[in-house]
Amino acid sequence: MNKDYIAFFISIFLILFSFNSYSAKMDDISQDDFDDIEFTSENKFQIKDPLEKYNRKIFSFNESVDKCCIEYVARAYRKGMPKFARTSIRNFLNNLYSPISVFNSVLQGKTDNSLSNFSSFLINTTVGIGGIFDVAGKKGINYNQEDFGQTLGHYGFNYGFYIVLPILGPSSGRDFSGFLVDKSVNPIELNFLDIGGEENFINSNYRIGIAMMSGIDKRESFIDIIDDIRQDSFDPYATLRSAYIQRRDSEIKK
Amino acid sequence: MKKIIATLTLILIATTSFAQNIDQSEQVKAFINDVGTQIIKIAADKKLSSEQRKSNIISVIDQSIDADWIARFVLAKNYNTASDSQKENFAKLYREFMINTYGPKFQNYNGRKFEVLSVSKQGNFYIAKSEFLPQDSKTPVDVSFRVKEKNGKLVILDFVAEGVSLIETQRSEFNSAISQKGMDQFLEDLKARIAKLKTQK
């Protein structure tokens, strides 16, 4: 099983290399004159989406699942849970993820980020009682989430191609590879790649519980944005695709 | 002697253009500060009815953006294949779409603070990096504006929130919709959407 995952991972990397072409970058837009050439350049900013047909089907499936179940849970969570409790849960989840952010900040050579994420983890885990209170944030030590997709982006990998994952939503070749690595390296997450053996640090029920809580928290944070896209967009799939690629690009440049 | 005069002239030109750039950056900063503050002020004005707030914000947006330029940008490659009447129709509809979509949205932006942090020049544009602090949040939202001078007047061409450009996203969305439905059907959909937006409060 372990070998299968590694082979899958390597194949993803190979795909990434083969897609090593131009990607949409905001800086390039702003450097252009915009006056004539900009409007006639076909496909310059077109997002690479070779799986569009499949992606649109998964997108529709995700929309149906979301509208029938996940959205209700997220709205009930927003309505039923007081804001301070939701903030505490978010702090707790962020704190659980911070070792991964430290790991990726170090890999990217971001000294300030590494130190602030490490300090944030230490302070919030101890003084902040397991991360429930963001004591570090109040002292001006800000937590900056960093994942392996961003690390790959930092070293020049572009997003490769756009992909919509069942339930999880928008991703890309690069970010999905990063996602698998992050989950496997994090001792409290699902070890997809069996990194460090098949043993897991904590009981699988807890891991599933944390993954579900994290999903509800994420969906709750996206309620307004998704409402806007559903209401305003002429093609929600294309809007989400463009917003996702741009957002990741901006996170990598930070 | 000639060399000295030439050098001095070059220095003078360089200094003047540098000074002009600084001057223009300050103007951009003041312009964006003014637009942002006006919107927040209108959104927070409880004396105004919801309808008045919406129409006042629409008027601020309408005066600050270059809708024709943006319309051409978002059409991208479809601009070349569209007929003159389609182009004209789209530009007209797009302006209405923009002001009627963002007018009602911005009337909820009764933030606590809006501040332009820095202005930089990129090609022919100015990028004004700003921060907006919503009423119910402690975390400021990063927003940037792309500004250009047009006929001696500063105009906004793009609004970038948390790294996502409004016009780039619209370009992707509109072109995808046009490629699926065709230009004429898209224009009909746009018209129907504007009619719907106008009836919403």
# chains A, B, ... in the order shown; residues from 1 in each chain; ligands from 1
>>> interface_residues(of="chain B", to="chain A", cutoff="8 Å", atoms="only C-alpha atoms", output="CSV table (one decimal) with N, CA and C atoms, in the first residue's frame")
chain,number,residue,atom,x,y,z
B,72,ARG,N,-14.1,46.3,-21.7
B,72,ARG,CA,-13.3,45.8,-22.8
B,72,ARG,C,-12.3,44.7,-22.3
B,73,PHE,N,-11.8,45.0,-21.1
B,73,PHE,CA,-10.9,44.0,-20.5
B,73,PHE,C,-11.6,42.7,-20.2
B,76,ALA,N,-12.1,40.4,-23.2
B,76,ALA,CA,-10.9,39.7,-23.7
B,76,ALA,C,-11.0,39.3,-25.1
B,77,LYS,N,-10.7,38.0,-25.5
B,77,LYS,CA,-10.7,37.6,-26.9
B,77,LYS,C,-12.0,37.8,-27.6
B,79,TYR,N,-13.8,40.3,-27.5
B,79,TYR,CA,-13.9,41.6,-28.0
B,79,TYR,C,-13.7,41.7,-29.5
B,80,ASN,N,-12.7,40.8,-29.9
B,80,ASN,CA,-12.4,40.8,-31.4
B,80,ASN,C,-13.4,40.2,-32.2
B,101,THR,N,-24.7,45.8,-9.0
B,101,THR,CA,-24.2,44.7,-8.2
B,101,THR,C,-23.5,45.2,-7.0
B,122,GLN,N,3.1,50.6,-11.3
B,122,GLN,CA,3.4,49.4,-12.0
B,122,GLN,C,3.0,49.7,-13.5
B,123,GLY,N,4.0,49.9,-14.3
B,123,GLY,CA,3.7,50.3,-15.7
B,123,GLY,C,3.0,51.6,-15.7
B,124,ASN,N,1.8,51.6,-16.4
B,124,ASN,CA,1.0,52.8,-16.5
B,124,ASN,C,0.0,52.9,-15.4
B,125,PHE,N,0.1,52.0,-14.4
B,125,PHE,CA,-0.9,52.0,-13.3
B,125,PHE,C,-0.4,52.4,-12.0
B,162,GLU,N,-8.0,40.4,-0.9
B,162,GLU,CA,-7.3,39.2,-0.5
B,162,GLU,C,-6.7,38.4,-1.6
B,163,GLY,N,-6.1,39.2,-2.6
B,163,GLY,CA,-5.4,38.6,-3.7
B,163,GLY,C,-6.3,38.2,-4.9
B,164,VAL,N,-7.6,38.4,-4.8
B,164,VAL,CA,-8.5,38.0,-5.9
B,164,VAL,C,-9.0,39.3,-6.6
B,165,SER,N,-8.6,39.3,-7.9
B,165,SER,CA,-8.9,40.5,-8.7
B,165,SER,C,-10.3,40.4,-9.2
B,168,GLU,N,-10.3,40.2,-13.2
B,168,GLU,CA,-9.7,39.0,-13.7
B,168,GLU,C,-10.7,37.8,-13.5
B,169,THR,N,-11.4,37.8,-12.3
B,169,THR,CA,-12.4,36.8,-12.1
B,169,THR,C,-13.6,36.9,-13.0
B,170,GLN,N,-14.0,38.2,-13.2
B,170,GLN,CA,-15.1,38.4,-14.1
B,170,GLN,C,-14.8,38.0,-15.6
B,172,SER,N,-12.8,35.7,-16.5
B,172,SER,CA,-12.8,34.2,-16.6
B,172,SER,C,-14.3,33.7,-16.6
B,173,GLU,N,-15.1,34.3,-15.7
B,173,GLU,CA,-16.5,33.9,-15.7
B,173,GLU,C,-17.3,34.3,-16.9
B,174,PHE,N,-17.1,35.5,-17.4
B,174,PHE,CA,-17.9,36.0,-18.6
B,174,PHE,C,-17.5,35.2,-19.8
B,176,SER,N,-16.2,32.2,-20.0
B,176,SER,CA,-16.7,30.8,-19.9
B,176,SER,C,-18.2,30.8,-20.3
B,177,ALA,N,-18.9,31.8,-19.7
B,177,ALA,CA,-20.4,31.8,-20.0
B,177,ALA,C,-20.6,32.1,-21.5
>>> atom_distance(atom1="CA of Ser137 (chain B)", atom2="CA of Pro99 (chain A)")
26.2 Å
>>> closest_residue(among="A:Ile216, A:Val73, A:Leu93, A:Met81", to="Gly131 (chain A)", atoms="only C-alpha atoms")
A:Leu93
>>> select_by_dssp(residues="region 88-201 of chain A", states="alpha helix (DSSP H)", output="ChimeraX atom specification")
/A:88-107,111-126,135-138,148-154,173-185
>>> atom_distance(atom1="CA of Ile188 (chain A)", atom2="CA of Ser116 (chain A)")
21.5 Å
>>> residues_around(residues="region 63-69 of chain B", least_positions_apart="6", cutoff="7 Å", atoms="only C-alpha atoms", output="PyMOL selection string")
chain B and resi 91+95+155-157
>>> select_by_dssp(residues="region 29-167 of chain A", states="strand (DSSP E)", output="list in words")
Tyr162, Ile163, Val164 and Leu165 of chain A
>>> write_last_selection(atoms="N, CA, C and O atoms", output="compact mmCIF listing (two decimals), in the first residue's frame")
# COMPACT_ATOMS: atom_id res chain seq x y z
N TYR A 162 -5.88 22.68 -12.86
CA TYR A 162 -6.94 22.84 -11.88
C TYR A 162 -7.69 21.52 -11.72
O TYR A 162 -7.88 20.77 -12.68
N ILE A 163 -8.07 21.22 -10.49
CA ILE A 163 -8.83 19.98 -10.27
C ILE A 163 -9.86 20.22 -9.17
O ILE A 163 -9.61 20.97 -8.22
N VAL A 164 -11.04 19.63 -9.34
CA VAL A 164 -12.06 19.71 -8.28
C VAL A 164 -12.12 18.34 -7.61
O VAL A 164 -12.34 17.33 -8.28
N LEU A 165 -11.92 18.33 -6.30
CA LEU A 165 -11.93 17.07 -5.56
C LEU A 165 -13.32 16.83 -4.97
O LEU A 165 -13.97 17.77 -4.54
>>> closest_atom_pairs(of="region 114-194 of chain B", to="region 24-30 of chain B", cutoff="9 Å", atoms="only C-alpha atoms", output="CSV")
residue,atom,partner,partner_atom,distance
B:Val116,CA,B:Lys29,CA,6.3
B:Leu117,CA,B:Lys29,CA,8.5
B:Ser118,CA,B:Lys29,CA,7.5
B:Val119,CA,B:Ser25,CA,5.9
B:Ser120,CA,B:Ser25,CA,7.2
B:Lys121,CA,B:Ser25,CA,7.9
B:Tyr126,CA,B:Val28,CA,7.4
B:Ile127,CA,B:Val28,CA,8.7
B:Ala128,CA,B:Lys29,CA,6.8
B:Val147,CA,B:Val28,CA,7.4
B:Lys148,CA,B:Val28,CA,8.8
B:Leu154,CA,B:Val28,CA,7.2
>>> atom_distance(atom1="CA of Thr126 (chain A)", atom2="CA of Gly80 (chain A)")
28.7 Å
>>> residues_around(residues="region 32-39 of chain B", least_positions_apart="5", cutoff="9 Å", atoms="only C-alpha atoms", output="VMD selection string")
chain B and resid 27 44 56 to 57 60 to 61 64 106 to 107 109 to 110 113 to 116 128 130 132 145 147 156
>>> closest_residue(among="B:Ile40, B:Leu197, B:Val74, B:Met98", to="Ile167 (chain B)", atoms="only C-alpha atoms")
B:Val74
>>> residues_around(residues="Asn117 (chain A)", least_positions_apart="4", cutoff="7 Å", atoms="only C-alpha atoms", output="short mmCIF file (atom, residue, chain, number, x, y, z; two decimals) with all heavy atoms, in the first residue's frame")
data_model
loop_
_atom_site.label_atom_id
_atom_site.label_comp_id
_atom_site.auth_asym_id
_atom_site.auth_seq_id
_atom_site.Cartn_x
_atom_site.Cartn_y
_atom_site.Cartn_z
N SER A 98 -0.55 24.23 13.37
CA SER A 98 0.66 25.08 13.34
C SER A 98 1.99 24.34 13.21
O SER A 98 2.90 24.88 12.59
CB SER A 98 0.68 26.11 14.46
OG SER A 98 0.27 25.59 15.64
N SER A 101 2.61 24.35 9.67
CA SER A 101 2.98 25.68 9.18
C SER A 101 4.43 25.99 9.51
O SER A 101 5.14 26.61 8.71
CB SER A 101 2.06 26.75 9.79
OG SER A 101 0.76 26.56 9.35
N VAL A 102 4.88 25.55 10.69
CA VAL A 102 6.29 25.76 11.07
C VAL A 102 7.17 24.98 10.09
O VAL A 102 8.12 25.53 9.51
CB VAL A 102 6.56 25.28 12.53
CG1 VAL A 102 8.04 25.38 12.86
CG2 VAL A 102 5.74 26.06 13.52
N ASN A 113 8.53 34.03 9.70
CA ASN A 113 7.32 33.21 9.75
C ASN A 113 7.53 31.97 10.61
O ASN A 113 6.66 31.60 11.39
CB ASN A 113 6.99 32.74 8.33
CG ASN A 113 5.64 33.22 7.89
OD1 ASN A 113 4.93 33.83 8.68
ND2 ASN A 113 5.28 32.94 6.66
N PHE A 121 2.65 28.55 18.40
CA PHE A 121 2.28 27.19 18.80
C PHE A 121 2.62 26.94 20.28
O PHE A 121 1.79 26.45 21.04
CB PHE A 121 3.00 26.17 17.91
CG PHE A 121 2.74 24.74 18.29
CD1 PHE A 121 1.47 24.19 18.17
CD2 PHE A 121 3.75 23.93 18.78
CE1 PHE A 121 1.21 22.87 18.53
CE2 PHE A 121 3.51 22.61 19.15
CZ PHE A 121 2.23 22.08 19.01
N TYR A 143 -0.04 34.22 13.60
CA TYR A 143 0.10 32.90 12.98
C TYR A 143 -0.19 33.02 11.48
O TYR A 143 -1.19 33.58 11.08
CB TYR A 143 -0.90 31.94 13.66
CG TYR A 143 -1.12 30.65 12.93
CD1 TYR A 143 -0.12 29.69 12.87
CD2 TYR A 143 -2.32 30.40 12.27
CE1 TYR A 143 -0.31 28.50 12.19
CE2 TYR A 143 -2.53 29.21 11.58
CZ TYR A 143 -1.52 28.27 11.55
OH TYR A 143 -1.71 27.11 10.87
N ASN A 144 0.72 32.51 10.65
CA ASN A 144 0.50 32.52 9.20
C ASN A 144 0.50 31.10 8.69
O ASN A 144 1.52 30.42 8.72
CB ASN A 144 1.63 33.28 8.49
CG ASN A 144 1.75 34.69 8.99
OD1 ASN A 144 0.83 35.48 8.82
ND2 ASN A 144 2.86 34.99 9.64
#
